[in-house]
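Data file: start32.txt. Format and content: compact mmCIF, N, CA and C atoms.
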```txt
# COMPACT_ATOMS: atom_id res chain seq x y z
N MET A 8 0.84 -1.17 0.00
CA MET A 8 0.00 0.00 0.00
C MET A 8 0.89 1.24 0.00
N LYS A 9 0.51 2.22 -0.79
CA LYS A 9 1.29 3.44 -0.92
C LYS A 9 0.51 4.62 -0.39
N LEU A 10 1.24 5.61 0.10
CA LEU A 10 0.60 6.81 0.62
C LEU A 10 -0.30 7.45 -0.42
N LYS A 11 0.12 7.45 -1.66
CA LYS A 11 -0.70 8.08 -2.69
C LYS A 11 -2.05 7.38 -2.87
N ASP A 12 -2.16 6.14 -2.44
CA ASP A 12 -3.43 5.41 -2.55
C ASP A 12 -4.41 5.74 -1.43
N ILE A 13 -3.93 6.31 -0.34
CA ILE A 13 -4.81 6.52 0.81
C ILE A 13 -4.92 7.98 1.25
N LEU A 14 -4.16 8.87 0.62
CA LEU A 14 -4.20 10.30 0.98
C LEU A 14 -4.96 11.06 -0.10
N HIS A 15 -6.22 11.34 0.15
CA HIS A 15 -7.07 12.07 -0.79
C HIS A 15 -6.77 13.57 -0.65
N PRO A 16 -6.77 14.31 -1.75
CA PRO A 16 -6.49 15.75 -1.66
C PRO A 16 -7.41 16.50 -0.69
N SER A 17 -8.64 16.04 -0.53
CA SER A 17 -9.56 16.73 0.38
C SER A 17 -9.24 16.45 1.85
N HIS A 18 -8.28 15.58 2.10
CA HIS A 18 -7.88 15.25 3.47
C HIS A 18 -6.58 15.96 3.86
N ILE A 19 -6.31 17.08 3.20
CA ILE A 19 -5.13 17.89 3.49
C ILE A 19 -5.60 19.29 3.84
N ALA A 20 -5.02 19.87 4.89
CA ALA A 20 -5.45 21.20 5.32
C ALA A 20 -4.31 21.97 5.96
N ILE A 21 -4.45 23.28 5.95
CA ILE A 21 -3.60 24.18 6.72
C ILE A 21 -4.49 24.67 7.85
N LEU A 22 -4.14 24.33 9.08
CA LEU A 22 -5.00 24.63 10.23
C LEU A 22 -4.39 25.71 11.10
N SER A 23 -5.03 26.85 11.13
CA SER A 23 -4.53 27.94 11.97
C SER A 23 -5.23 28.01 13.31
N ASP A 24 -6.22 27.13 13.53
CA ASP A 24 -7.01 27.22 14.76
C ASP A 24 -6.68 26.13 15.79
N CYS A 25 -5.62 25.40 15.61
CA CYS A 25 -5.26 24.35 16.57
C CYS A 25 -4.26 24.89 17.58
N GLN A 26 -4.69 24.92 18.85
CA GLN A 26 -3.84 25.44 19.91
C GLN A 26 -3.14 24.35 20.70
N ASP A 27 -3.66 23.09 20.58
CA ASP A 27 -3.08 22.00 21.37
C ASP A 27 -3.35 20.66 20.69
N GLY A 28 -2.82 19.61 21.29
CA GLY A 28 -2.94 18.27 20.72
C GLY A 28 -4.36 17.77 20.61
N ASP A 29 -5.20 18.08 21.60
CA ASP A 29 -6.59 17.62 21.54
C ASP A 29 -7.34 18.24 20.36
N ALA A 30 -7.17 19.55 20.18
CA ALA A 30 -7.83 20.21 19.04
C ALA A 30 -7.30 19.65 17.72
N LEU A 31 -6.01 19.36 17.68
CA LEU A 31 -5.42 18.78 16.48
C LEU A 31 -6.03 17.42 16.16
N LEU A 32 -6.13 16.55 17.16
CA LEU A 32 -6.70 15.22 16.93
C LEU A 32 -8.17 15.31 16.49
N ASP A 33 -8.91 16.27 17.06
CA ASP A 33 -10.30 16.46 16.64
C ASP A 33 -10.38 16.81 15.16
N ARG A 34 -9.55 17.73 14.72
CA ARG A 34 -9.57 18.15 13.31
C ARG A 34 -9.08 17.05 12.39
N LEU A 35 -8.07 16.29 12.83
CA LEU A 35 -7.59 15.17 12.02
C LEU A 35 -8.69 14.11 11.86
N ALA A 36 -9.44 13.87 12.93
CA ALA A 36 -10.53 12.89 12.86
C ALA A 36 -11.59 13.33 11.85
N GLU A 37 -11.87 14.62 11.80
CA GLU A 37 -12.83 15.13 10.80
C GLU A 37 -12.32 14.85 9.39
N LEU A 38 -11.05 15.13 9.16
CA LEU A 38 -10.47 14.89 7.83
C LEU A 38 -10.46 13.41 7.49
N LEU A 39 -10.09 12.58 8.45
CA LEU A 39 -10.04 11.14 8.20
C LEU A 39 -11.43 10.55 7.96
N ALA A 40 -12.42 11.06 8.66
CA ALA A 40 -13.79 10.57 8.47
C ALA A 40 -14.30 10.94 7.08
N GLY A 41 -13.89 12.10 6.60
CA GLY A 41 -14.27 12.52 5.25
C GLY A 41 -15.76 12.48 5.02
N ASP A 42 -16.17 11.67 4.06
CA ASP A 42 -17.58 11.58 3.68
C ASP A 42 -18.39 10.67 4.60
N ARG A 43 -17.78 10.23 5.69
CA ARG A 43 -18.46 9.36 6.66
C ARG A 43 -18.34 9.97 8.07
N PRO A 44 -18.99 11.14 8.29
CA PRO A 44 -18.83 11.85 9.56
C PRO A 44 -19.24 11.04 10.79
N GLN A 45 -20.07 10.02 10.60
CA GLN A 45 -20.48 9.19 11.72
C GLN A 45 -19.30 8.41 12.31
N LEU A 46 -18.19 8.34 11.60
CA LEU A 46 -17.00 7.63 12.09
C LEU A 46 -16.08 8.51 12.93
N ARG A 47 -16.35 9.80 12.97
CA ARG A 47 -15.47 10.76 13.62
C ARG A 47 -15.16 10.39 15.07
N GLU A 48 -16.17 10.09 15.87
CA GLU A 48 -15.94 9.80 17.28
C GLU A 48 -15.07 8.56 17.48
N GLY A 49 -15.29 7.53 16.68
CA GLY A 49 -14.46 6.33 16.77
C GLY A 49 -13.02 6.61 16.40
N ILE A 50 -12.83 7.46 15.40
CA ILE A 50 -11.48 7.83 14.98
C ILE A 50 -10.78 8.61 16.09
N ILE A 51 -11.48 9.59 16.66
CA ILE A 51 -10.89 10.37 17.74
C ILE A 51 -10.47 9.45 18.89
N ALA A 52 -11.35 8.52 19.24
CA ALA A 52 -11.04 7.60 20.34
C ALA A 52 -9.80 6.78 20.04
N SER A 53 -9.67 6.28 18.81
CA SER A 53 -8.50 5.44 18.47
C SER A 53 -7.22 6.27 18.45
N LEU A 54 -7.29 7.51 17.97
CA LEU A 54 -6.10 8.37 17.95
C LEU A 54 -5.67 8.71 19.38
N ARG A 55 -6.63 9.04 20.23
CA ARG A 55 -6.29 9.39 21.62
C ARG A 55 -5.77 8.18 22.39
N GLN A 56 -6.37 7.03 22.12
CA GLN A 56 -5.91 5.81 22.80
C GLN A 56 -4.44 5.56 22.47
N ARG A 57 -4.07 5.73 21.21
CA ARG A 57 -2.67 5.52 20.82
C ARG A 57 -1.75 6.55 21.46
N GLU A 58 -2.18 7.81 21.52
CA GLU A 58 -1.36 8.87 22.11
C GLU A 58 -1.13 8.63 23.60
N GLN A 59 -2.07 7.96 24.28
CA GLN A 59 -1.89 7.66 25.69
C GLN A 59 -0.72 6.71 25.93
N LEU A 60 -0.38 5.94 24.92
CA LEU A 60 0.77 5.03 25.03
C LEU A 60 2.09 5.78 24.92
N GLY A 61 2.05 6.95 24.34
CA GLY A 61 3.25 7.76 24.12
C GLY A 61 3.05 8.64 22.91
N SER A 62 3.71 9.76 22.91
CA SER A 62 3.56 10.71 21.81
C SER A 62 4.00 10.10 20.49
N THR A 63 3.26 10.43 19.44
CA THR A 63 3.63 10.00 18.10
C THR A 63 4.43 11.10 17.38
N GLY A 64 4.92 12.07 18.15
CA GLY A 64 5.83 13.07 17.60
C GLY A 64 7.16 12.39 17.33
N ILE A 65 7.57 12.38 16.06
CA ILE A 65 8.79 11.63 15.69
C ILE A 65 10.02 12.51 15.58
N GLY A 66 9.86 13.81 15.80
CA GLY A 66 11.00 14.71 15.74
C GLY A 66 10.97 15.61 14.52
N HIS A 67 11.78 16.66 14.56
CA HIS A 67 11.90 17.62 13.46
C HIS A 67 10.58 18.31 13.15
N GLY A 68 9.69 18.41 14.16
CA GLY A 68 8.41 19.08 13.94
C GLY A 68 7.35 18.23 13.29
N VAL A 69 7.54 16.91 13.29
CA VAL A 69 6.63 15.99 12.61
C VAL A 69 5.97 15.05 13.63
N ALA A 70 4.68 14.80 13.42
CA ALA A 70 3.96 13.81 14.22
C ALA A 70 3.18 12.89 13.29
N LEU A 71 3.05 11.63 13.71
CA LEU A 71 2.32 10.62 12.93
C LEU A 71 1.26 9.94 13.80
N PRO A 72 0.23 10.67 14.22
CA PRO A 72 -0.83 10.01 15.00
C PRO A 72 -1.52 8.94 14.16
N HIS A 73 -1.88 7.86 14.82
CA HIS A 73 -2.51 6.75 14.08
C HIS A 73 -3.35 5.92 15.03
N GLY A 74 -4.34 5.27 14.45
CA GLY A 74 -5.20 4.41 15.24
C GLY A 74 -5.89 3.39 14.37
N ARG A 75 -6.29 2.32 15.01
CA ARG A 75 -7.02 1.25 14.31
C ARG A 75 -8.51 1.43 14.56
N ASN A 76 -9.29 1.12 13.52
CA ASN A 76 -10.72 1.31 13.59
C ASN A 76 -11.42 0.22 12.81
N ALA A 77 -12.31 -0.50 13.45
CA ALA A 77 -13.01 -1.62 12.81
C ALA A 77 -13.97 -1.16 11.72
N ALA A 78 -14.29 0.12 11.66
CA ALA A 78 -15.25 0.62 10.66
C ALA A 78 -14.64 0.74 9.27
N PHE A 79 -13.33 0.68 9.16
CA PHE A 79 -12.67 0.84 7.86
C PHE A 79 -12.27 -0.49 7.27
N ASP A 80 -12.36 -0.58 5.96
CA ASP A 80 -11.85 -1.76 5.27
C ASP A 80 -10.56 -1.44 4.52
N MET A 81 -10.18 -0.15 4.53
CA MET A 81 -8.95 0.30 3.88
C MET A 81 -8.39 1.46 4.69
N ALA A 82 -7.09 1.58 4.73
CA ALA A 82 -6.46 2.68 5.47
C ALA A 82 -6.83 4.02 4.84
N ARG A 83 -6.82 5.05 5.70
CA ARG A 83 -7.04 6.43 5.27
C ARG A 83 -5.95 7.29 5.89
N ALA A 84 -5.57 8.33 5.17
CA ALA A 84 -4.57 9.26 5.68
C ALA A 84 -5.09 10.68 5.58
N ALA A 85 -4.58 11.53 6.45
CA ALA A 85 -4.85 12.96 6.41
C ALA A 85 -3.56 13.68 6.78
N PHE A 86 -3.37 14.86 6.21
CA PHE A 86 -2.17 15.64 6.48
C PHE A 86 -2.57 17.07 6.80
N VAL A 87 -1.94 17.64 7.83
CA VAL A 87 -2.15 19.05 8.13
C VAL A 87 -0.81 19.73 8.40
N ARG A 88 -0.81 21.00 8.04
CA ARG A 88 0.33 21.87 8.38
C ARG A 88 -0.22 22.93 9.33
N LEU A 89 0.52 23.17 10.38
CA LEU A 89 0.12 24.17 11.37
C LEU A 89 1.01 25.40 11.22
N PRO A 90 0.44 26.55 10.90
CA PRO A 90 1.27 27.76 10.78
C PRO A 90 1.98 28.12 12.10
N ARG A 91 1.34 27.76 13.24
CA ARG A 91 1.97 27.96 14.55
C ARG A 91 2.16 26.60 15.18
N PRO A 92 3.40 26.14 15.29
CA PRO A 92 3.67 24.82 15.87
C PRO A 92 3.11 24.70 17.29
N ILE A 93 2.75 23.47 17.66
CA ILE A 93 2.25 23.20 19.01
C ILE A 93 3.15 22.18 19.70
N ASP A 94 3.14 22.23 21.02
CA ASP A 94 3.88 21.24 21.80
C ASP A 94 3.17 19.90 21.63
N TYR A 95 3.92 18.86 21.30
CA TYR A 95 3.34 17.54 21.09
C TYR A 95 4.14 16.46 21.80
N ALA A 96 4.97 16.87 22.73
CA ALA A 96 5.79 15.96 23.53
C ALA A 96 6.66 15.03 22.67
N ALA A 97 7.17 15.57 21.59
CA ALA A 97 8.09 14.79 20.75
C ALA A 97 9.39 14.54 21.50
N ALA A 98 10.04 13.45 21.18
CA ALA A 98 11.26 13.06 21.87
C ALA A 98 12.35 14.13 21.78
N ASP A 99 12.40 14.86 20.66
CA ASP A 99 13.43 15.89 20.52
C ASP A 99 13.00 17.24 21.09
N GLY A 100 11.77 17.33 21.59
CA GLY A 100 11.28 18.56 22.20
C GLY A 100 10.86 19.65 21.22
N VAL A 101 10.96 19.38 19.93
CA VAL A 101 10.60 20.37 18.92
C VAL A 101 9.08 20.38 18.74
N PRO A 102 8.46 21.56 18.80
CA PRO A 102 7.02 21.65 18.56
C PRO A 102 6.67 21.15 17.16
N VAL A 103 5.44 20.66 17.01
CA VAL A 103 4.99 20.01 15.77
C VAL A 103 4.25 20.99 14.87
N ASP A 104 4.58 20.95 13.59
CA ASP A 104 3.82 21.73 12.61
C ASP A 104 3.44 20.92 11.37
N LEU A 105 3.98 19.72 11.22
CA LEU A 105 3.63 18.83 10.11
C LEU A 105 3.08 17.53 10.70
N VAL A 106 1.84 17.19 10.33
CA VAL A 106 1.18 16.05 10.96
C VAL A 106 0.50 15.19 9.91
N LEU A 107 0.89 13.94 9.84
CA LEU A 107 0.23 12.98 8.97
C LEU A 107 -0.42 11.92 9.84
N ALA A 108 -1.74 11.82 9.74
CA ALA A 108 -2.50 10.89 10.57
C ALA A 108 -3.01 9.73 9.74
N LEU A 109 -3.12 8.58 10.40
CA LEU A 109 -3.63 7.37 9.75
C LEU A 109 -4.76 6.77 10.57
N ALA A 110 -5.77 6.30 9.86
CA ALA A 110 -6.81 5.45 10.45
C ALA A 110 -6.77 4.17 9.62
N VAL A 111 -6.53 3.07 10.28
CA VAL A 111 -6.37 1.80 9.56
C VAL A 111 -7.35 0.76 10.09
N PRO A 112 -7.68 -0.22 9.26
CA PRO A 112 -8.57 -1.29 9.72
C PRO A 112 -7.96 -2.02 10.93
N ALA A 113 -8.83 -2.53 11.76
CA ALA A 113 -8.39 -3.20 12.99
C ALA A 113 -7.45 -4.37 12.73
N ASP A 114 -7.62 -5.05 11.61
CA ASP A 114 -6.82 -6.24 11.31
C ASP A 114 -5.57 -5.93 10.48
N PHE A 115 -5.18 -4.69 10.39
CA PHE A 115 -4.07 -4.25 9.55
C PHE A 115 -2.76 -4.23 10.32
N ALA A 116 -2.41 -5.26 11.03
CA ALA A 116 -1.22 -5.23 11.90
C ALA A 116 0.07 -5.00 11.12
N HIS A 117 0.45 -5.93 10.26
CA HIS A 117 1.71 -5.82 9.52
C HIS A 117 1.68 -4.63 8.56
N GLN A 118 0.59 -4.48 7.81
CA GLN A 118 0.49 -3.39 6.84
C GLN A 118 0.58 -2.04 7.53
N HIS A 119 -0.03 -1.94 8.70
CA HIS A 119 -0.02 -0.71 9.48
C HIS A 119 1.41 -0.33 9.85
N LEU A 120 2.16 -1.27 10.38
CA LEU A 120 3.53 -1.01 10.78
C LEU A 120 4.42 -0.67 9.59
N GLN A 121 4.23 -1.37 8.49
CA GLN A 121 5.03 -1.08 7.29
C GLN A 121 4.73 0.31 6.75
N LEU A 122 3.45 0.67 6.72
CA LEU A 122 3.06 1.99 6.25
C LEU A 122 3.65 3.08 7.14
N LEU A 123 3.58 2.90 8.45
CA LEU A 123 4.18 3.87 9.38
C LEU A 123 5.69 4.00 9.15
N ALA A 124 6.36 2.89 8.98
CA ALA A 124 7.81 2.92 8.74
C ALA A 124 8.14 3.67 7.45
N ASP A 125 7.37 3.40 6.40
CA ASP A 125 7.60 4.08 5.12
C ASP A 125 7.38 5.58 5.24
N ILE A 126 6.33 5.97 5.96
CA ILE A 126 6.02 7.39 6.12
C ILE A 126 7.08 8.06 6.99
N ALA A 127 7.49 7.42 8.07
CA ALA A 127 8.54 7.98 8.92
C ALA A 127 9.84 8.18 8.14
N GLU A 128 10.17 7.22 7.32
CA GLU A 128 11.38 7.36 6.49
C GLU A 128 11.25 8.53 5.54
N ARG A 129 10.08 8.68 4.95
CA ARG A 129 9.82 9.78 4.03
C ARG A 129 10.02 11.13 4.73
N PHE A 130 9.51 11.25 5.97
CA PHE A 130 9.62 12.51 6.70
C PHE A 130 11.01 12.73 7.30
N SER A 131 11.88 11.75 7.19
CA SER A 131 13.26 11.95 7.65
C SER A 131 14.04 12.82 6.66
N ASN A 132 13.47 13.08 5.51
CA ASN A 132 14.10 13.89 4.46
C ASN A 132 13.90 15.38 4.78
N PRO A 133 14.97 16.11 5.13
CA PRO A 133 14.83 17.53 5.45
C PRO A 133 14.27 18.35 4.29
N ALA A 134 14.61 17.97 3.06
CA ALA A 134 14.12 18.72 1.90
C ALA A 134 12.60 18.61 1.77
N LEU A 135 12.05 17.43 2.04
CA LEU A 135 10.60 17.26 1.99
C LEU A 135 9.93 18.09 3.08
N ARG A 136 10.47 18.05 4.29
CA ARG A 136 9.88 18.82 5.38
C ARG A 136 9.88 20.31 5.05
N GLN A 137 10.98 20.80 4.51
CA GLN A 137 11.08 22.21 4.17
C GLN A 137 10.11 22.56 3.04
N ALA A 138 10.02 21.71 2.03
CA ALA A 138 9.10 21.97 0.92
C ALA A 138 7.65 22.01 1.41
N LEU A 139 7.29 21.12 2.31
CA LEU A 139 5.93 21.12 2.85
C LEU A 139 5.66 22.39 3.65
N ARG A 140 6.65 22.87 4.37
CA ARG A 140 6.48 24.10 5.17
C ARG A 140 6.36 25.33 4.28
N LEU A 141 6.95 25.28 3.11
CA LEU A 141 6.91 26.42 2.19
C LEU A 141 5.82 26.31 1.12
N ALA A 142 5.17 25.17 1.03
CA ALA A 142 4.16 24.95 -0.01
C ALA A 142 3.06 26.01 0.09
N PRO A 143 2.68 26.59 -1.05
CA PRO A 143 1.69 27.67 -1.02
C PRO A 143 0.25 27.21 -0.81
N ASP A 144 -0.01 25.90 -1.03
CA ASP A 144 -1.39 25.43 -0.93
C ASP A 144 -1.44 23.92 -0.73
N THR A 145 -2.64 23.42 -0.48
CA THR A 145 -2.81 22.00 -0.20
C THR A 145 -2.58 21.13 -1.44
N THR A 146 -2.83 21.68 -2.62
CA THR A 146 -2.57 20.91 -3.85
C THR A 146 -1.08 20.61 -3.97
N THR A 147 -0.26 21.60 -3.70
CA THR A 147 1.19 21.40 -3.75
C THR A 147 1.63 20.40 -2.69
N MET A 148 1.05 20.51 -1.49
CA MET A 148 1.41 19.57 -0.43
C MET A 148 1.04 18.14 -0.84
N HIS A 149 -0.13 17.96 -1.45
CA HIS A 149 -0.54 16.63 -1.89
C HIS A 149 0.47 16.07 -2.89
N THR A 150 0.88 16.89 -3.83
CA THR A 150 1.86 16.46 -4.82
C THR A 150 3.17 16.06 -4.16
N LEU A 151 3.64 16.88 -3.24
CA LEU A 151 4.89 16.57 -2.54
C LEU A 151 4.81 15.27 -1.77
N LEU A 152 3.68 15.04 -1.11
CA LEU A 152 3.52 13.84 -0.29
C LEU A 152 3.33 12.56 -1.09
N THR A 153 2.78 12.68 -2.28
CA THR A 153 2.44 11.48 -3.03
C THR A 153 3.36 11.17 -4.20
N GLN A 154 4.21 12.08 -4.58
CA GLN A 154 5.12 11.76 -5.68
C GLN A 154 6.14 10.74 -5.22
N ASP A 155 6.30 9.73 -6.01
CA ASP A 155 7.24 8.65 -5.68
C ASP A 155 7.06 8.14 -4.27
N SER A 156 5.81 8.13 -3.79
CA SER A 156 5.59 7.70 -2.41
C SER A 156 5.82 6.21 -2.27
N PRO A 157 6.24 5.82 -1.06
CA PRO A 157 6.52 4.40 -0.82
C PRO A 157 5.27 3.56 -0.93
```

The structure in this file should be written as structure tokens.
Amino acid sequence: MKLKDILHPSHIAILSDCQDGDALLDRLAELLAGDRPQLREGIIASLRQREQLGSTGIGHGVALPHGRNAAFDMARAAFVRLPRPIDYAAADGVPVDLVLALAVPADFAHQHLQLLADIAERFSNPALRQALRLAPDTTTMHTLLTQDSP
């Protein structure tokens, strides 16, 4: 599975109204639910449950919140850029401004881990992080995230 297969352009946003991690997870759940708003509460619960195990802030201003949800038969992704970084308890202490969230089917154990590893590797590229921070719009961000995606 590739990021370009699960990241719909309508699931990308620039969010200027997120002041903390809870508000961020709420907005990510809205994006992940997409055309199925009835799934929003389940998505929020799965994202928060995962964060209780430890922050998904991976460093360099990037976070990868993720959760499993029995309502999905295929993984979904959402991406947001925050004009004002927020504290997300990342291991390196750097506030987060680039966030890619995943909602995956409950039975997606191996695929889930592989997808997370591929995305984390992708975000280890400083040039990609900088390009996403400078991108003028969500269309450009979608292109950057999905070109030659793993």

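Of the residues under consideration (A:Met148, A:Ala52, A:Ala113, A:Ala108), A:Ala108 shows the shortest atom-to-atom contact distance to Phe86 (chain A) when counting all atoms listed in the file.
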
Check: By how many Å are atom N of Ile93 (chain A) and atom N of Gly49 (chain A) apart?
Finding: 24.1 Å

Checklist line | Atom pair atom C of Phe115 (chain A) / atom N of Ala85 (chain A): separation (Å) | finding: 16.3 Å

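If you look at atom N of Leu89 (chain A) and atom N of Leu31 (chain A), they are 10.5 Å away from each other.
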
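Nearest-residue note for Asp24 (chain A): choosing from A:Pro90, A:Gly61, A:Ile50, A:Lys11, the minimum distance belongs to A:Pro90, counting all atoms listed in the file.
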
Note to self: Among chain A, which residues does DSSP mark as alpha helix (DSSP H) when it is run on the backbone? Keep the chain and numbering as in the structure and answer as JSON, numbers by chain.
What the structure shows: {"A": [10, 11, 12, 13, 28, 29, 30, 31, 32, 33, 34, 35, 36, 37, 38, 39, 40, 47, 48, 49, 50, 51, 52, 53, 54, 55, 56, 57, 58, 59, 60, 116, 117, 118, 119, 120, 121, 122, 123, 124, 125, 126, 127, 128, 129, 130, 133, 134, 135, 136, 137, 138, 139, 140, 141, 145, 146, 147, 148, 149, 150, 151, 152, 153]}

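Nearest residue to Thr150 (chain A), choosing from A:Pro16, A:Met8, A:Leu71, A:Gly41 and counting only N, CA and C atoms: A:Pro16.
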
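Of the listed residues A:Leu152, A:Thr147, A:Leu120, A:Arg88, the one whose atoms come nearest to Ile21 (chain A) is A:Arg88, with distances taken using all atoms listed in the file.
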
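Contact shell of His149 (chain A) at 8 Å (only N, CA and C atoms; same-chain neighbours under 6 positions omitted): Leu14, His15, Pro16 and Ile19 of chain A.
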
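When only C-alpha atoms are used to measure the gap to Asn132 (chain A), the shortest distance among A:His67, A:Val106, A:Pro72, A:Thr145 belongs to A:His67.
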
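Each of A:Ala84, A:Leu135, A:Ala20, A:Ala142 was compared to Gln154 (chain A) using only C-alpha atoms, and A:Leu135 turns out to be the nearest.
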
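The list of residues within 12 Å of (11.0, 15.3, 4.3), counted using only C-alpha atoms, is A:Gly66, A:His67, A:Gly68, A:Val69, A:Leu105, A:Val106, A:Leu107, A:Asp125, A:Ile126, A:Ala127, A:Glu128, A:Arg129, A:Phe130, A:Ser131, A:Asn132, A:Pro133, A:Ala134, A:Leu135, A:Arg136, A:Gln137, A:Ala138, A:Leu139, A:Arg140, A:Met148, A:Leu151, A:Leu152, A:Thr153, A:Ser156.
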
Next item on the list: Please return as a ChimeraX atom specification: the residues of region 8-88 of chain A that backbone DSSP assigns to strand (DSSP E).
Entry: /A:14-21,64-66,69-70,73-76,83-88

Could you write out that same residue set with N, CA and C atoms as a short mmCIF file (atom, residue, chain, number, x, y, z; two decimals), in the frame of the given file?
```cif
data_model
loop_
_atom_site.label_atom_id
_atom_site.label_comp_id
_atom_site.auth_asym_id
_atom_site.auth_seq_id
_atom_site.Cartn_x
_atom_site.Cartn_y
_atom_site.Cartn_z
N LEU A 14 -4.16 8.87 0.62
CA LEU A 14 -4.20 10.30 0.98
C LEU A 14 -4.96 11.06 -0.10
N HIS A 15 -6.22 11.34 0.15
CA HIS A 15 -7.07 12.07 -0.79
C HIS A 15 -6.77 13.57 -0.65
N PRO A 16 -6.77 14.31 -1.75
CA PRO A 16 -6.49 15.75 -1.66
C PRO A 16 -7.41 16.50 -0.69
N SER A 17 -8.64 16.04 -0.53
CA SER A 17 -9.56 16.73 0.38
C SER A 17 -9.24 16.45 1.85
N HIS A 18 -8.28 15.58 2.10
CA HIS A 18 -7.88 15.25 3.47
C HIS A 18 -6.58 15.96 3.86
N ILE A 19 -6.31 17.08 3.20
CA ILE A 19 -5.13 17.89 3.49
C ILE A 19 -5.60 19.29 3.84
N ALA A 20 -5.02 19.87 4.89
CA ALA A 20 -5.45 21.20 5.32
C ALA A 20 -4.31 21.97 5.96
N ILE A 21 -4.45 23.28 5.95
CA ILE A 21 -3.60 24.18 6.72
C ILE A 21 -4.49 24.67 7.85
N GLY A 64 4.92 12.07 18.15
CA GLY A 64 5.83 13.07 17.60
C GLY A 64 7.16 12.39 17.33
N ILE A 65 7.57 12.38 16.06
CA ILE A 65 8.79 11.63 15.69
C ILE A 65 10.02 12.51 15.58
N GLY A 66 9.86 13.81 15.80
CA GLY A 66 11.00 14.71 15.74
C GLY A 66 10.97 15.61 14.52
N VAL A 69 7.54 16.91 13.29
CA VAL A 69 6.63 15.99 12.61
C VAL A 69 5.97 15.05 13.63
N ALA A 70 4.68 14.80 13.42
CA ALA A 70 3.96 13.81 14.22
C ALA A 70 3.18 12.89 13.29
N HIS A 73 -1.88 7.86 14.82
CA HIS A 73 -2.51 6.75 14.08
C HIS A 73 -3.35 5.92 15.03
N GLY A 74 -4.34 5.27 14.45
CA GLY A 74 -5.20 4.41 15.24
C GLY A 74 -5.89 3.39 14.37
N ARG A 75 -6.29 2.32 15.01
CA ARG A 75 -7.02 1.25 14.31
C ARG A 75 -8.51 1.43 14.56
N ASN A 76 -9.29 1.12 13.52
CA ASN A 76 -10.72 1.31 13.59
C ASN A 76 -11.42 0.22 12.81
N ARG A 83 -6.82 5.05 5.70
CA ARG A 83 -7.04 6.43 5.27
C ARG A 83 -5.95 7.29 5.89
N ALA A 84 -5.57 8.33 5.17
CA ALA A 84 -4.57 9.26 5.68
C ALA A 84 -5.09 10.68 5.58
N ALA A 85 -4.58 11.53 6.45
CA ALA A 85 -4.85 12.96 6.41
C ALA A 85 -3.56 13.68 6.78
N PHE A 86 -3.37 14.86 6.21
CA PHE A 86 -2.17 15.64 6.48
C PHE A 86 -2.57 17.07 6.80
N VAL A 87 -1.94 17.64 7.83
CA VAL A 87 -2.15 19.05 8.13
C VAL A 87 -0.81 19.73 8.40
N ARG A 88 -0.81 21.00 8.04
CA ARG A 88 0.33 21.87 8.38
C ARG A 88 -0.22 22.93 9.33
#
```

Next item on the list: Please write as a ChimeraX atom specification the list of polymer residues whose atoms come within 12 Å of (-13.5, 20.2, 14.2), counting only C-alpha atoms and keeping to the coordinates of the file.
Entry: /A:22,24-25,29-41,44,47-48,51

Provide region 75-86 of chain A of the preceding structure as a file containing N, CA and C atoms, as a PDB file, in the first residue's frame.
```
ATOM      1  N   ARG A  75      -6.290   2.322  15.013  1.00  0.00           N
ATOM      2  CA  ARG A  75      -7.024   1.253  14.313  1.00  0.00           C
ATOM      3  C   ARG A  75      -8.513   1.433  14.556  1.00  0.00           C
ATOM      4  N   ASN A  76      -9.286   1.115  13.515  1.00  0.00           N
ATOM      5  CA  ASN A  76     -10.723   1.314  13.592  1.00  0.00           C
ATOM      6  C   ASN A  76     -11.424   0.216  12.806  1.00  0.00           C
ATOM      7  N   ALA A  77     -12.308  -0.499  13.455  1.00  0.00           N
ATOM      8  CA  ALA A  77     -13.012  -1.615  12.809  1.00  0.00           C
ATOM      9  C   ALA A  77     -13.973  -1.161  11.723  1.00  0.00           C
ATOM     10  N   ALA A  78     -14.294   0.122  11.663  1.00  0.00           N
ATOM     11  CA  ALA A  78     -15.247   0.623  10.663  1.00  0.00           C
ATOM     12  C   ALA A  78     -14.643   0.740   9.266  1.00  0.00           C
ATOM     13  N   PHE A  79     -13.331   0.683   9.159  1.00  0.00           N
ATOM     14  CA  PHE A  79     -12.672   0.844   7.862  1.00  0.00           C
ATOM     15  C   PHE A  79     -12.273  -0.493   7.269  1.00  0.00           C
ATOM     16  N   ASP A  80     -12.361  -0.582   5.956  1.00  0.00           N
ATOM     17  CA  ASP A  80     -11.852  -1.765   5.271  1.00  0.00           C
ATOM     18  C   ASP A  80     -10.560  -1.435   4.524  1.00  0.00           C
ATOM     19  N   MET A  81     -10.185  -0.154   4.528  1.00  0.00           N
ATOM     20  CA  MET A  81      -8.954   0.297   3.882  1.00  0.00           C
ATOM     21  C   MET A  81      -8.388   1.463   4.692  1.00  0.00           C
ATOM     22  N   ALA A  82      -7.093   1.582   4.733  1.00  0.00           N
ATOM     23  CA  ALA A  82      -6.461   2.675   5.466  1.00  0.00           C
ATOM     24  C   ALA A  82      -6.831   4.018   4.843  1.00  0.00           C
ATOM     25  N   ARG A  83      -6.818   5.048   5.699  1.00  0.00           N
ATOM     26  CA  ARG A  83      -7.040   6.430   5.272  1.00  0.00           C
ATOM     27  C   ARG A  83      -5.951   7.288   5.892  1.00  0.00           C
ATOM     28  N   ALA A  84      -5.571   8.326   5.171  1.00  0.00           N
ATOM     29  CA  ALA A  84      -4.567   9.255   5.682  1.00  0.00           C
ATOM     30  C   ALA A  84      -5.089  10.684   5.584  1.00  0.00           C
ATOM     31  N   ALA A  85      -4.580  11.530   6.451  1.00  0.00           N
ATOM     32  CA  ALA A  85      -4.854  12.962   6.410  1.00  0.00           C
ATOM     33  C   ALA A  85      -3.559  13.680   6.776  1.00  0.00           C
ATOM     34  N   PHE A  86      -3.373  14.864   6.207  1.00  0.00           N
ATOM     35  CA  PHE A  86      -2.169  15.641   6.484  1.00  0.00           C
ATOM     36  C   PHE A  86      -2.567  17.068   6.804  1.00  0.00           C
TER      37      PHE A  86
END
```
